[in-house]
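Colleague: Dropping in start-v5.txt, with compact mmCIF, C-alpha atoms.
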# COMPACT_ATOMS: atom_id res chain seq x y z
CA MET R 1 0.00 0.00 0.00
CA SER R 2 1.31 3.49 -0.78
CA SER R 3 1.84 5.56 2.33
CA PRO R 4 2.29 9.31 1.86
CA VAL R 5 1.33 10.13 5.43
CA GLY R 6 2.22 8.37 8.65
CA ASP R 7 5.23 7.37 10.64
CA GLY R 8 4.57 3.97 12.10
CA ALA R 9 5.59 0.53 11.10
CA GLY R 10 4.38 -2.89 11.89
CA ALA R 11 1.34 -5.03 11.45
CA GLU R 12 -1.02 -2.63 13.20
CA GLU R 13 -0.01 0.44 11.18
CA LYS R 14 -2.20 1.70 8.37
CA ARG R 15 -1.34 4.94 6.64
CA VAL R 16 -3.36 7.44 4.69
CA THR R 17 -3.38 6.93 0.93
CA TRP R 18 -3.08 9.55 -1.79
CA ALA R 19 -6.66 8.86 -2.84
CA GLU R 20 -7.89 9.81 0.63
CA LEU R 21 -5.89 13.03 0.59
CA TYR R 22 -7.28 13.95 -2.83
CA PHE R 23 -10.76 13.12 -1.55
CA ASP R 24 -10.25 15.59 1.29
CA LEU R 25 -9.87 18.44 -1.22
CA VAL R 26 -13.59 18.17 -1.98
CA PHE R 27 -14.32 18.78 1.68
CA VAL R 28 -12.09 21.84 1.75
CA PHE R 29 -14.62 23.33 -0.66
CA ALA R 30 -17.58 21.86 1.23
CA ILE R 31 -16.52 23.49 4.51
CA THR R 32 -16.09 26.80 2.68
CA GLN R 33 -19.65 26.47 1.41
CA VAL R 34 -21.02 25.72 4.88
CA SER R 35 -19.11 28.72 6.24
CA GLY R 36 -20.63 30.89 3.53
CA LEU R 37 -24.13 29.70 4.43
CA LEU R 38 -23.50 30.55 8.09
CA HIS R 39 -21.97 33.91 7.18
CA HIS R 40 -25.19 35.06 5.52
CA HIS R 41 -27.49 33.74 8.25
CA HIS R 42 -25.94 33.60 11.72
CA ASP R 43 -29.00 34.12 13.86
CA PRO R 44 -30.06 31.04 15.92
CA GLY R 45 -32.21 29.75 13.06
CA GLY R 46 -29.35 30.18 10.60
CA ILE R 47 -26.97 28.32 12.89
CA ALA R 48 -29.44 25.43 13.13
CA ARG R 49 -29.91 25.30 9.35
CA ALA R 50 -26.15 25.34 8.74
CA LEU R 51 -25.61 22.54 11.27
CA VAL R 52 -28.32 20.38 9.70
CA VAL R 53 -26.61 20.78 6.32
CA PHE R 54 -23.14 20.22 7.74
CA VAL R 55 -24.00 16.86 9.38
CA PRO R 56 -24.55 14.92 6.09
CA VAL R 57 -21.43 16.52 4.60
CA TYR R 58 -19.41 15.46 7.64
CA TRP R 59 -21.04 12.01 7.83
CA CYS R 60 -20.25 11.36 4.17
CA TRP R 61 -16.59 12.01 4.99
CA VAL R 62 -16.79 9.83 8.13
CA GLY R 63 -18.31 6.92 6.19
CA THR R 64 -15.51 7.06 3.64
CA THR R 65 -12.86 7.26 6.35
CA VAL R 66 -14.23 4.27 8.28
CA GLN R 67 -14.38 2.02 5.24
CA ALA R 68 -10.84 3.12 4.28
CA ASN R 69 -9.72 2.24 7.82
CA ILE R 70 -11.06 -1.30 7.89
CA ARG R 71 -10.07 -2.25 4.32
CA ASP R 72 -7.21 -1.88 1.89
CA VAL R 73 -8.47 0.90 -0.40
CA ASP R 74 -5.24 1.37 -2.33
CA THR R 75 -6.59 -0.62 -5.29
CA PRO R 76 -7.98 0.57 -8.64
CA ARG R 77 -11.53 -0.42 -7.70
CA ASP R 78 -11.46 1.36 -4.36
CA ARG R 79 -9.69 4.44 -5.72
CA LEU R 80 -12.51 4.80 -8.24
CA GLY R 81 -15.02 4.31 -5.44
CA ILE R 82 -13.43 7.06 -3.35
CA LEU R 83 -13.41 9.37 -6.38
CA ALA R 84 -17.10 8.59 -6.97
CA VAL R 85 -17.91 9.52 -3.38
CA GLY R 86 -15.82 12.65 -3.88
CA LEU R 87 -17.92 13.61 -6.91
CA ALA R 88 -21.10 13.11 -4.91
CA GLY R 89 -19.58 15.24 -2.15
CA LEU R 90 -18.82 17.95 -4.70
CA PHE R 91 -22.47 17.96 -5.78
CA MET R 92 -23.45 18.30 -2.12
CA ALA R 93 -21.04 21.20 -1.66
CA LEU R 94 -22.42 22.97 -4.73
CA ALA R 95 -25.92 22.58 -3.31
CA VAL R 96 -25.14 24.02 0.15
CA PRO R 97 -25.65 27.75 -0.63
CA GLY R 98 -29.12 27.05 -2.03
CA ALA R 99 -29.91 24.05 0.14
CA TYR R 100 -33.03 25.71 1.57
CA GLU R 101 -34.06 27.12 -1.78
CA GLY R 102 -33.83 25.39 -5.15
CA ARG R 103 -30.92 23.01 -4.56
CA GLY R 104 -32.32 20.84 -1.79
CA VAL R 105 -32.86 17.86 -4.09
CA LEU R 106 -29.26 18.10 -5.35
CA LEU R 107 -27.99 17.95 -1.77
CA GLY R 108 -30.16 14.92 -1.00
CA VAL R 109 -29.33 13.04 -4.20
CA GLY R 110 -25.61 13.76 -3.77
CA TYR R 111 -25.66 12.35 -0.26
CA TRP R 112 -27.75 9.33 -1.19
CA ALA R 113 -25.44 8.54 -4.11
CA ALA R 114 -22.39 8.75 -1.84
CA ARG R 115 -23.97 6.33 0.64
CA VAL R 116 -24.91 3.89 -2.12
CA VAL R 117 -21.32 3.89 -3.42
CA LEU R 118 -19.96 3.32 0.08
CA LEU R 119 -22.34 0.42 0.63
CA LEU R 120 -21.36 -1.16 -2.69
CA MET R 121 -17.68 -0.87 -1.73
CA LEU R 122 -18.48 -2.92 1.40
CA ILE R 123 -21.10 -5.21 -0.15
CA ARG R 124 -19.01 -8.33 0.48
CA VAL R 125 -18.99 -7.70 4.22
CA PRO R 126 -21.67 -9.95 5.80
CA GLY R 127 -24.55 -7.99 7.31
CA VAL R 128 -23.37 -4.58 6.07
CA TRP R 129 -27.00 -3.66 5.34
CA ARG R 130 -27.83 -4.03 9.03
CA GLY R 131 -25.58 -1.21 10.20
CA PRO R 132 -24.78 2.49 9.71
CA TYR R 133 -24.13 2.03 5.98
CA GLY R 134 -27.54 0.48 5.52
CA VAL R 135 -29.10 3.36 7.50
CA GLY R 136 -27.54 5.81 5.06
CA VAL R 137 -28.96 4.04 2.02
CA LEU R 138 -32.35 3.01 3.38
CA VAL R 139 -33.23 5.83 5.77
CA SER R 140 -31.24 9.05 5.89
CA GLY R 141 -30.56 9.26 2.14
CA PRO R 142 -34.25 8.97 1.17
CA LEU R 143 -35.17 11.44 3.94
CA LEU R 144 -32.76 14.01 2.54
CA VAL R 145 -34.13 13.58 -0.99
CA ALA R 146 -37.74 13.78 0.23
CA GLY R 147 -36.91 16.85 2.30
CA GLY R 148 -35.45 18.55 -0.76
CA LEU R 149 -38.86 18.32 -2.43
CA LEU R 150 -40.65 20.12 0.43
CA PRO R 151 -40.88 23.76 1.59
CA GLU R 152 -38.26 25.06 4.01
CA GLY R 153 -40.07 24.24 7.28
CA PRO R 154 -40.89 20.57 6.57
CA ARG R 155 -37.53 20.27 4.79
CA LEU R 156 -35.68 21.28 7.95
CA VAL R 157 -37.68 18.75 9.96
CA LEU R 158 -36.94 15.84 7.61
CA TRP R 159 -33.29 16.79 7.27
CA SER R 160 -32.93 17.05 11.05
CA LEU R 161 -34.44 13.57 11.35
CA ALA R 162 -32.00 12.27 8.73
CA ALA R 163 -29.08 13.78 10.66
CA LEU R 164 -30.28 12.15 13.89
CA CYS R 165 -30.61 8.78 12.14
CA ASP R 166 -27.03 8.96 10.89
CA LEU R 167 -25.59 10.13 14.20
CA SER R 168 -27.46 7.46 16.17
CA GLY R 169 -26.38 4.62 13.88
CA PRO R 170 -23.08 3.82 15.67
CA VAL R 171 -24.94 3.70 19.00
CA LEU R 172 -27.85 1.59 17.79
CA PHE R 173 -25.52 -0.92 16.10
CA ARG R 174 -22.89 -0.85 18.83
CA SER R 175 -22.86 -4.63 19.37
CA ARG R 176 -22.57 -5.33 15.63
CA LEU R 177 -19.71 -2.85 15.27
CA ALA R 178 -17.87 -4.60 18.11
CA ARG R 179 -16.68 -7.17 15.58
CA VAL R 180 -15.05 -4.56 13.33
CA ALA R 181 -11.23 -4.52 13.47
CA TYR R 182 -10.13 -0.87 13.41
CA HIS R 183 -6.57 0.21 12.64
CA PRO R 184 -5.56 2.47 15.55
CA ALA R 185 -3.03 4.73 13.80
CA HIS R 186 -5.07 5.54 10.70
CA MET R 187 -8.22 6.84 12.38
CA PRO R 188 -6.62 9.58 14.53
CA GLU R 189 -4.58 10.72 11.55
CA ARG R 190 -7.63 11.04 9.31
CA PHE R 191 -9.68 13.03 11.80
CA ALA R 192 -6.71 15.28 12.56
CA LEU R 193 -6.43 16.00 8.84
CA PHE R 194 -10.12 16.91 8.68
CA LEU R 195 -9.73 19.29 11.60
CA LEU R 196 -6.73 20.79 9.80
CA VAL R 197 -8.99 21.40 6.78
CA ALA R 198 -11.40 23.30 9.04
CA LEU R 199 -8.55 25.33 10.55
CA GLY R 200 -7.52 26.20 7.02
CA GLU R 201 -10.96 27.76 6.60
CA SER R 202 -10.19 30.02 9.56
CA ILE R 203 -7.09 31.26 7.70
CA VAL R 204 -9.24 31.89 4.64
CA GLY R 205 -11.69 33.77 6.86
CA ILE R 206 -8.85 36.06 7.93
CA GLY R 207 -7.10 36.50 4.61
CA ALA R 208 -10.08 36.81 2.28
CA THR R 209 -11.55 39.52 4.48
CA ALA R 210 -8.34 41.45 5.08
CA ALA R 211 -7.21 41.33 1.45
CA GLY R 212 -9.78 43.96 0.45
CA ALA R 213 -9.18 46.23 3.46
CA ARG R 214 -6.88 49.24 3.78
CA LEU R 215 -4.48 47.30 6.01
CA ASP R 216 -3.71 50.16 8.37
CA ALA R 217 -2.31 49.53 11.86
CA ALA R 218 -5.66 48.56 13.42
CA GLU R 219 -6.44 46.09 10.65
CA LEU R 220 -2.99 44.50 10.86
CA VAL R 221 -3.37 44.11 14.63
CA SER R 222 -6.75 42.47 14.01
CA VAL R 223 -5.19 40.07 11.50
CA ALA R 224 -2.45 39.21 14.00
CA ALA R 225 -4.98 38.65 16.79
CA ALA R 226 -7.20 36.47 14.59
CA PHE R 227 -4.20 34.42 13.46
CA THR R 228 -3.15 34.02 17.10
CA ILE R 229 -6.61 32.62 17.87
CA SER R 230 -6.39 30.18 14.95
CA GLY R 231 -2.85 29.20 15.93
CA GLY R 232 -3.93 28.79 19.56
CA LEU R 233 -6.72 26.44 18.55
CA TRP R 234 -4.25 24.48 16.38
CA TRP R 235 -1.78 24.29 19.29
CA GLN R 236 -4.39 22.94 21.67
CA TYR R 237 -5.11 20.00 19.39
CA PHE R 238 -1.91 19.16 17.57
CA VAL R 239 0.56 19.81 20.42
CA PHE R 240 -1.47 18.63 23.42
CA ALA R 241 -4.32 16.40 22.20
CA ALA R 242 -3.40 14.51 19.02
CA ASP R 243 -0.89 12.12 20.61
CA ALA R 244 -3.21 11.49 23.56
CA MET R 245 -6.03 10.54 21.17
CA ARG R 246 -3.74 8.17 19.28
CA HIS R 247 -2.64 6.63 22.59
CA ALA R 248 -6.23 6.23 23.76
CA VAL R 249 -7.42 4.41 20.66
CA THR R 250 -4.32 2.21 20.66
CA VAL R 251 -4.65 0.95 24.24
CA ALA R 252 -8.46 1.03 24.59
CA ASP R 253 -10.30 -2.14 25.55
CA SER R 254 -12.98 -1.08 23.06
CA ARG R 255 -11.59 0.85 20.09
CA ARG R 256 -15.12 1.02 18.73
CA ASP R 257 -16.25 3.16 21.67
CA VAL R 258 -13.26 5.51 21.53
CA ILE R 259 -13.68 5.97 17.78
CA ARG R 260 -17.40 6.65 18.13
CA ARG R 261 -17.22 8.98 21.11
CA VAL R 262 -13.94 10.81 20.56
CA PHE R 263 -13.58 10.86 16.80
CA GLN R 264 -16.99 10.55 15.14
CA TYR R 265 -18.86 12.67 17.70
CA GLY R 266 -16.13 14.70 19.38
CA HIS R 267 -14.62 15.91 16.12
CA LEU R 268 -18.04 16.95 14.84
CA ALA R 269 -18.11 19.47 17.71
CA LEU R 270 -14.46 20.47 17.20
CA VAL R 271 -14.93 21.15 13.50
CA ALA R 272 -18.23 22.96 14.08
CA GLY R 273 -16.50 25.21 16.61
CA VAL R 274 -13.70 26.03 14.16
CA ILE R 275 -16.20 26.84 11.39
CA ALA R 276 -18.02 29.22 13.74
CA VAL R 277 -14.72 30.93 14.59
CA ALA R 278 -13.82 31.21 10.89
CA VAL R 279 -17.12 32.92 10.13
CA GLY R 280 -16.57 35.19 13.13
CA PHE R 281 -13.22 36.25 11.67
CA GLY R 282 -14.97 37.31 8.49
CA GLU R 283 -17.17 39.62 10.56
CA THR R 284 -14.37 41.22 12.61
CA VAL R 285 -11.12 41.58 10.67
CA ALA R 286 -12.26 43.93 7.89
CA ASP R 287 -13.56 46.73 10.12
CA PRO R 288 -11.81 46.47 13.48
CA ARG R 289 -13.11 49.79 14.83
CA ARG R 290 -16.82 49.10 14.68
CA ALA R 291 -18.83 47.34 17.34
CA LEU R 292 -20.14 43.91 16.43
CA GLY R 293 -23.63 42.53 16.67
CA ALA R 294 -24.53 39.77 19.09
CA GLY R 295 -24.55 37.17 16.29
CA SER R 296 -20.93 37.81 15.26
CA VAL R 297 -19.70 37.75 18.86
CA ALA R 298 -21.68 34.56 19.50
CA LEU R 299 -20.01 32.84 16.56
CA LEU R 300 -16.47 33.82 17.55
CA TYR R 301 -16.77 33.30 21.30
CA GLY R 302 -19.26 30.44 21.06
CA GLY R 303 -17.00 28.64 18.59
CA CYS R 304 -13.96 29.04 20.86
CA GLY R 305 -15.99 27.94 23.88
CA LEU R 306 -17.38 24.88 22.10
CA TYR R 307 -13.91 23.90 20.88
CA LEU R 308 -12.40 24.08 24.38
CA LEU R 309 -15.36 22.37 26.08
CA THR R 310 -15.09 19.50 23.61
CA PHE R 311 -11.63 18.72 24.97
CA GLY R 312 -13.25 18.34 28.36
CA TYR R 313 -15.59 15.79 26.82
CA THR R 314 -12.87 13.90 24.90
CA ARG R 315 -10.53 13.72 27.90
CA TRP R 316 -13.29 12.27 30.05
CA MET R 317 -14.24 9.75 27.36
CA MET R 318 -10.62 8.63 26.96
CA PHE R 319 -9.19 8.70 30.48
CA ARG R 320 -12.08 9.50 32.84
CA ALA R 321 -10.14 12.63 33.80
CA VAL R 322 -11.28 16.27 33.98
CA SER R 323 -9.63 18.83 31.69
CA THR R 324 -9.91 21.61 34.27
CA THR R 325 -7.86 24.28 32.51
CA ARG R 326 -9.75 24.02 29.24
CA ILE R 327 -13.15 23.93 30.89
CA VAL R 328 -12.28 27.02 32.93
CA ALA R 329 -11.00 28.80 29.80
CA ALA R 330 -14.20 27.89 27.93
CA VAL R 331 -16.36 29.23 30.76
CA VAL R 332 -14.37 32.48 30.78
CA VAL R 333 -14.74 32.90 27.01
CA LEU R 334 -18.46 32.24 27.07
CA GLY R 335 -18.93 34.44 30.12
CA LEU R 336 -17.16 37.37 28.45
CA ALA R 337 -19.26 37.20 25.29
CA PRO R 338 -22.13 39.45 26.45
CA ALA R 339 -19.65 42.18 27.44
CA MET R 340 -18.03 42.12 23.99
CA VAL R 341 -21.09 43.15 22.02
CA ARG R 342 -20.50 46.90 22.39
CA LEU R 343 -16.70 46.85 22.12
CA PRO R 344 -14.80 47.45 18.86
CA ALA R 345 -13.98 44.35 16.85
CA ILE R 346 -10.25 44.68 17.53
CA ALA R 347 -10.88 44.26 21.27
CA VAL R 348 -13.21 41.33 20.60
CA LEU R 349 -10.33 39.59 18.82
CA VAL R 350 -7.54 40.48 21.23
CA VAL R 351 -9.28 39.10 24.34
CA PRO R 352 -9.59 35.44 23.20
CA ALA R 353 -6.15 35.65 21.56
CA VAL R 354 -4.58 36.57 24.92
CA LEU R 355 -6.65 33.93 26.70
CA LEU R 356 -5.58 31.17 24.31
CA VAL R 357 -1.91 32.13 24.60
CA ALA R 358 -2.22 32.02 28.39
CA LEU R 359 -4.01 28.66 28.24
CA ASN R 360 -1.31 27.15 26.04
CA VAL R 361 1.41 28.42 28.39
CA VAL R 362 -0.38 26.86 31.38
CA GLU R 363 -0.84 23.57 29.50
CA HIS R 364 2.85 23.59 28.52
CA LEU R 365 3.89 24.02 32.13
CA ARG R 366 1.53 21.24 33.25
CA VAL R 367 2.92 18.87 30.63
CA GLY R 368 6.47 19.76 31.65
CA ARG R 369 5.73 19.02 35.32
CA ALA R 370 4.05 15.73 34.39
CA ALA R 371 7.04 14.70 32.26
CA ALA R 372 9.45 15.59 35.05
CA GLY R 373 7.38 13.57 37.53
CA ALA R 374 7.30 10.57 35.21
CA ALA R 375 11.09 10.74 34.75
CA ALA R 376 11.80 10.90 38.48
CA PRO R 377 13.21 7.71 40.06
CA VAL R 378 10.56 5.55 41.72
CA PRO R 379 11.40 3.15 44.56
CA ALA R 380 11.25 -0.41 43.28
CA PRO R 381 8.40 -1.62 45.53
CA ALA R 382 6.10 1.16 44.27
CA VAL R 383 6.38 0.08 40.62
CA GLU R 384 3.71 -2.24 39.29
CA THR R 385 3.82 -3.89 35.90
CA VAL R 386 0.56 -3.85 34.00
CA VAL R 387 -0.49 -5.42 30.76
CA VAL R 388 -1.64 -3.22 27.90
CA GLY R 389 -2.94 -5.56 25.22
CA SER R 390 -0.14 -8.06 24.91
CA VAL R 391 2.68 -5.64 25.81
CA GLU R 392 3.91 -5.17 29.37
CA ALA R 393 4.43 -1.58 30.42
CA VAL R 394 5.17 0.44 33.54
CA PRO R 395 2.24 2.74 34.41
CA ALA R 396 2.70 6.36 33.32
CA PRO R 397 0.65 9.53 33.71
CA ALA R 398 -2.15 10.04 31.20
CA PRO R 399 -1.05 11.89 28.05
CA ALA R 400 -1.42 15.66 27.95
CA GLU R 401 -4.91 15.75 26.49
Could you take the file, read its structure, and then write that structure out as structure tokens?

Modeller:
Amino acid sequence: MSSPVGDGAGAEEKRVTWAELYFDLVFVFAITQVSGLLHHHHDPGGIARALVVFVPVYWCWVGTTVQANIRDVDTPRDRLGILAVGLAGLFMALAVPGAYEGRGVLLGVGYWAARVVLLLMLIRVPGVWRGPYGVGVLVSGPLLVAGGLLPEGPRLVLWSLAALCDLSGPVLFRSRLARVAYHPAHMPERFALFLLVALGESIVGIGATAAGARLDAAELVSVAAAFTISGGLWWQYFVFAADAMRHAVTVADSRRDVIRRVFQYGHLALVAGVIAVAVGFGETVADPRRALGAGSVALLYGGCGLYLLTFGYTRWMMFRAVSTTRIVAAVVVLGLAPAMVRLPAIAVLVVPAVLLVALNVVEHLRVGRAAAGAAAPVPAPAVETVVVGSVEAVPAPAPAE
């Protein structure tokens, strides 16, 4: 198998293929389209409509990633299958701006086609119909198509039901999925790449907005503050969390549960938070002196808060430990939001930028203390040998996440 991404070796390693990376390019565009939809309508109703549209886009990507994880997809047949799903995803992305107008059917048909292709790629797997892939073909796909034929109100109801069906599939078929053999290295890498795609949208949100501005001192400070926020969000995941997630899925008694809770569900919240922040950048960077409306502040601060709170959820799911610093930071961000509504946009950006820098410094110090404690000599009687899978290991503190 070709292996452009990855650094492991051995029987358990599975690395991302070039076809998967090319497939991701479709979802770069799809996330941009979802961001655009949210940019034009970021009242509570607009946020709900954007989320309902985002779920099938995200779940299409998840379905492709799972089947690429459990099978060897670096074959001509499977490359063509991934490209076919990519084409269906492109149709979905093209439909997003008019999803609640004249392009609802295109969104539904694109999703249904993607799910049919994914099912056909797994058709030789016994019982594949009686699982999440069957739900996509038999339930959520038809609901999306039917919703596209209806007016906006009933359409939103049917599409919300379709999203709930997809999201509940891994829970409803939990016992069946217990027999699936997941590759532990591949899954964290794929979801990290998808989050990186979303963070790229935050850079676009900064640059596309600032490119047409005067770029005086205030605007350059706003760009720097927005980039600091984006970089701070990146640092939280890729410096402190990514290795912990890989460790958790590698040593878990039930990889299925870690993948479902931390990756499939947790990363939905992480990516949604980043998209909200990206849209918030578009509202703040171009005119840093004006006060923002409640909707723009809610996107920027709500997105940051959701992102940080999600780490509290993922850490508990992985290690049954509380991520105190991130939860406190999230509460501070969300608590400050009402006070930001009447301040100039430059101040709205600087506050979370400073907070994220401070949070990353605190996390760095905590990790350093934990590493020093782990490296300290331990009296021989206090050391217990435990078994992790089939490998004996001396107990160590939980990873930084």

Colleague: Mind checking which residues fall within 9 Å of Ala210 in chain R, counting only C-alpha atoms, ignoring those fewer than 5 positions away in the same chain, and posting them as number ranges by chain?

Modeller: R: 205, 215, 219-220, 223, 282, 285-287

Colleague: Give me the residues near Ile47 in chain R as a ChimeraX atom specification, where near means some atom within 12 Å (using all atoms listed in the file) and where sequence neighbours in that chain fewer than 3 positions away do not count.

Modeller: /R:34-44,50-54,272-273,275-276,279,295-296,298-299,302-303

Colleague: Excluding Ile259 in chain R and residues on its chain fewer than 2 positions from it, collect all residues at most 10 Å away from it, counting all atoms listed in the file, and give them as a VMD selection string.

Modeller: chain R and resid 66 170 182 184 187 to 188 245 248 to 249 252 254 to 257 261 to 266

Colleague: Could you jot down the CA of Met92 in chain R to CA of Gly110 in chain R separation for me, Å, one decimal place?

Modeller: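 Value for the CA of Met92 in chain R-CA of Gly110 in chain R distance: 5.3 Å.
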
Colleague: Excluding Phe23 in chain R and any residue of its chain fewer than 2 positions from it, enumerate the residues within 10 Å of it, using only C-alpha atoms, and give them as a ChimeraX atom specification.

Modeller: /R:17-21,25-28,61,64,79,82-87,89-90

Colleague: Could you tell me how far CA of Ile70 in chain R sits from CA of Gly127 in chain R, in Å to one decimal place?

Modeller: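 That distance, rounded to one decimal, is 15.1 Å.
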
Colleague: Fewer than 2 positions away in the same chain doesn't count, so skip those; otherwise give me all residues within 10 Å of Arg115 in chain R, counting all atoms listed in the file, as JSON, numbers by chain.

Modeller: {"R": [59, 60, 63, 64, 85, 88, 109, 110, 111, 112, 113, 117, 118, 119, 120, 121, 132, 133, 134, 135, 136, 137, 138, 140, 141]}

Colleague: Go through R:Pro338, R:Gly81, R:Pro344, R:Pro97 and flag the residue nearest Val116 in chain R, using only C-alpha atoms for the distances.

Modeller: R:Gly81

Colleague: Tell me which of R:Gly232, R:Pro288, R:Gly368, R:Pro151 sits closest to Val348 in chain R, counting all atoms listed in the file.

Modeller: R:Pro288

Colleague: Quote the spacing between CA of Gln236 in chain R and CA of Val357 in chain R in Å to one decimal place.

Modeller: 10.0 Å

Colleague: Given only C-alpha atoms as the basis, pick out the residue of R:Met340, R:Gly335, R:Pro154, R:Glu189 nearest to Arg290 in chain R.

Modeller: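 Nearest candidate to Arg290 in chain R out of R:Met340, R:Gly335, R:Pro154, R:Glu189: R:Met340.
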
Colleague: Nearest residue to Val96 in chain R out of R:Ile31, R:Cys304, R:Leu334, R:Val197, using all atoms listed in the file?

Modeller: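 Smallest separation from Val96 in chain R among the options: R:Ile31.
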
Colleague: Can you rebuild range 134-140 of chain R with all heavy atoms and give it as a JSON list (two decimals), keeping the file's coordinate frame?

Modeller:
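Saved file rebuild-v5.json follows:
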[["chain", "number", "residue", "atom", "x", "y", "z"],
["R", 134, "GLY", "N", -26.18, 0.76, 5.95],
["R", 134, "GLY", "CA", -27.54, 0.48, 5.52],
["R", 134, "GLY", "C", -28.48, 1.60, 5.90],
["R", 134, "GLY", "O", -29.41, 1.95, 5.15],
["R", 135, "VAL", "N", -28.27, 2.22, 7.09],
["R", 135, "VAL", "CA", -29.10, 3.36, 7.50],
["R", 135, "VAL", "C", -28.97, 4.50, 6.50],
["R", 135, "VAL", "O", -29.95, 5.14, 6.12],
["R", 135, "VAL", "CB", -28.69, 3.83, 8.92],
["R", 135, "VAL", "CG1", -29.35, 5.16, 9.26],
["R", 135, "VAL", "CG2", -29.07, 2.78, 9.95],
["R", 136, "GLY", "N", -27.75, 4.74, 6.03],
["R", 136, "GLY", "CA", -27.54, 5.81, 5.06],
["R", 136, "GLY", "C", -28.28, 5.59, 3.76],
["R", 136, "GLY", "O", -28.84, 6.53, 3.18],
["R", 137, "VAL", "N", -28.31, 4.35, 3.29],
["R", 137, "VAL", "CA", -28.96, 4.04, 2.02],
["R", 137, "VAL", "C", -30.47, 3.94, 2.17],
["R", 137, "VAL", "O", -31.23, 4.42, 1.31],
["R", 137, "VAL", "CB", -28.38, 2.73, 1.43],
["R", 137, "VAL", "CG1", -29.17, 2.29, 0.20],
["R", 137, "VAL", "CG2", -26.91, 2.92, 1.07],
["R", 138, "LEU", "N", -30.93, 3.32, 3.24],
["R", 138, "LEU", "CA", -32.35, 3.01, 3.38],
["R", 138, "LEU", "C", -33.15, 4.07, 4.13],
["R", 138, "LEU", "O", -34.38, 4.14, 3.97],
["R", 138, "LEU", "CB", -32.52, 1.66, 4.10],
["R", 138, "LEU", "CG", -31.89, 0.45, 3.42],
["R", 138, "LEU", "CD1", -32.02, -0.79, 4.29],
["R", 138, "LEU", "CD2", -32.51, 0.22, 2.04],
["R", 139, "VAL", "N", -32.48, 4.89, 4.93],
["R", 139, "VAL", "CA", -33.23, 5.83, 5.77],
["R", 139, "VAL", "C", -32.82, 7.28, 5.53],
["R", 139, "VAL", "O", -33.60, 8.08, 5.01],
["R", 139, "VAL", "CB", -33.06, 5.48, 7.27],
["R", 139, "VAL", "CG1", -33.90, 6.43, 8.13],
["R", 139, "VAL", "CG2", -33.44, 4.04, 7.55],
["R", 140, "SER", "N", -31.60, 7.64, 5.92],
["R", 140, "SER", "CA", -31.24, 9.05, 5.89],
["R", 140, "SER", "C", -31.13, 9.60, 4.46],
["R", 140, "SER", "O", -31.53, 10.75, 4.21],
["R", 140, "SER", "CB", -29.92, 9.28, 6.64],
["R", 140, "SER", "OG", -28.89, 8.46, 6.13]]
